[in-house]
Amino acid sequence: ISFVKFLIFTVCQFCGGILGCGILYAMLEECPGAVDINPGLPNRVTSGFFIEFFGTMFLLLTVLATTNSGRQHAPSYLQPLSIGIAIFTLHMFLVPTTGCGLNPVRSAVTNIVSGKLNSDFWIYIIAPLLASGVAGLLLQVLSLVVTTRRQPRTKPRKRKCT
């Protein structure tokens with residue numbers, strides 16, 4: 001994806017998120033989905049950062065691995081099922097601890113509209129962005145390892161009997 005497309009996608013996602021949160025705010029007089037780190041976590045900021053980082057990386061590795069055309073598997077109903085199970089699992093563990101941000105725009109928009117930005121909010125922006133870069137690199141490394149193992153071997157020479 002080019003940098004220009006990235007900017008366009010990000011701006012469109014922000015606009016759509018603000019519009020959606022604005023509609024919810026008009027209907028419910030609140031914007032559900034604002035995220036915050038559980039105050040009961042030890043080392044609140046560090047724990048929150050790593051929870052969001054590894055949660056986002058897990059989700060992205062699941063999505064990238066199941067939709068990778070290089071795997072030479074035909075698309076099937078199991079791809080969205082595996083992604084859905086990953087999201088369900090992440091929500092079970094991340095909602096009680098960090099609110100399950102995973103997406104910087106979703107976290108930013110809901111907190112901006114509801115007026116709940118705090119000093120630890122940078123975690124919800126930086127951790128997913130770093131995790132997406134690490135997940136992409138890790139998947140490339142893993143796919144290189146797998147493809148080098150799958151390369152066809154040369155046929156062994158036949159021995160002559162003497």
# chains A, B, ... in the order shown; residues from 1 in each chain; ligands from 1
>>> closest_atom_pairs(of="region 90-128 of chain A", to="region 10-27 of chain A", cutoff="10 Å", atoms="only C-alpha atoms", output="JSON lines")
{"residue": "A:Pro104", "atom": "CA", "partner": "A:Phe14", "partner_atom": "CA", "distance": 9.7}
{"residue": "A:Val105", "atom": "CA", "partner": "A:Phe14", "partner_atom": "CA", "distance": 6.1}
{"residue": "A:Arg106", "atom": "CA", "partner": "A:Gly17", "partner_atom": "CA", "distance": 6.7}
{"residue": "A:Ser107", "atom": "CA", "partner": "A:Gly17", "partner_atom": "CA", "distance": 9.7}
{"residue": "A:Ala108", "atom": "CA", "partner": "A:Phe14", "partner_atom": "CA", "distance": 8.6}
{"residue": "A:Val109", "atom": "CA", "partner": "A:Ile18", "partner_atom": "CA", "distance": 5.9}
{"residue": "A:Thr110", "atom": "CA", "partner": "A:Cys21", "partner_atom": "CA", "distance": 6.5}
{"residue": "A:Asn111", "atom": "CA", "partner": "A:Cys21", "partner_atom": "CA", "distance": 9.7}
{"residue": "A:Ile112", "atom": "CA", "partner": "A:Ile18", "partner_atom": "CA", "distance": 8.7}
{"residue": "A:Val113", "atom": "CA", "partner": "A:Cys21", "partner_atom": "CA", "distance": 6.7}
{"residue": "A:Ser114", "atom": "CA", "partner": "A:Tyr25", "partner_atom": "CA", "distance": 8.0}
>>> residues_around(residues="region 85-101 of chain A", least_positions_apart="5", cutoff="9 Å", atoms="only C-alpha atoms", output="PyMOL selection string")
chain A and resi 33-41+47-49+51-52+55-56+58-59+62-63+80+106-108+124-125+128
>>> atom_distance(atom1="CA of Val45 (chain A)", atom2="CA of Leu61 (chain A)")
24.1 Å
>>> closest_residue(among="A:Asn43, A:Ser143, A:Ser119, A:Asn103", to="Ser69 (chain A)", atoms="only C-alpha atoms")
A:Ser143
>>> select_by_dssp(residues="chain A", states="alpha helix (DSSP H)", output="MDAnalysis selection string")
chainID A and resid 3:28 44:66 78:94 104:114 123:150
>>> atom_distance(atom1="CA of Phe54 (chain A)", atom2="CA of Ala127 (chain A)")
8.5 Å
>>> atom_distance(atom1="CA of Leu142 (chain A)", atom2="CA of Leu78 (chain A)")
21.3 Å
>>> residues_around(residues="Thr66 (chain A)", least_positions_apart="5", cutoff="8 Å", atoms="only C-alpha atoms", output="ChimeraX atom specification")
/A:79,82-83
>>> write_last_selection(atoms="N, CA, C and O atoms", output="PDB file, in the first residue's frame")
ATOM      1  N   GLN A  79     -11.679 -19.048   7.007  1.00  0.00           N
ATOM      2  CA  GLN A  79     -10.901 -17.825   7.191  1.00  0.00           C
ATOM      3  C   GLN A  79     -11.626 -16.827   8.085  1.00  0.00           C
ATOM      4  O   GLN A  79     -11.066 -16.394   9.095  1.00  0.00           O
ATOM      5  N   SER A  82     -11.801 -18.196  11.728  1.00  0.00           N
ATOM      6  CA  SER A  82     -10.583 -18.096  12.540  1.00  0.00           C
ATOM      7  C   SER A  82     -10.335 -16.653  12.978  1.00  0.00           C
ATOM      8  O   SER A  82      -9.907 -16.410  14.110  1.00  0.00           O
ATOM      9  N   ILE A  83     -10.625 -15.690  12.125  1.00  0.00           N
ATOM     10  CA  ILE A  83     -10.467 -14.284  12.498  1.00  0.00           C
ATOM     11  C   ILE A  83     -11.479 -13.911  13.576  1.00  0.00           C
ATOM     12  O   ILE A  83     -11.142 -13.228  14.551  1.00  0.00           O
TER      13      ILE A  83
END
>>> closest_residue(among="A:Leu7, A:Ser2, A:Asn68, A:Pro32", to="Gly115 (chain A)", atoms="only C-alpha atoms")
A:Pro32
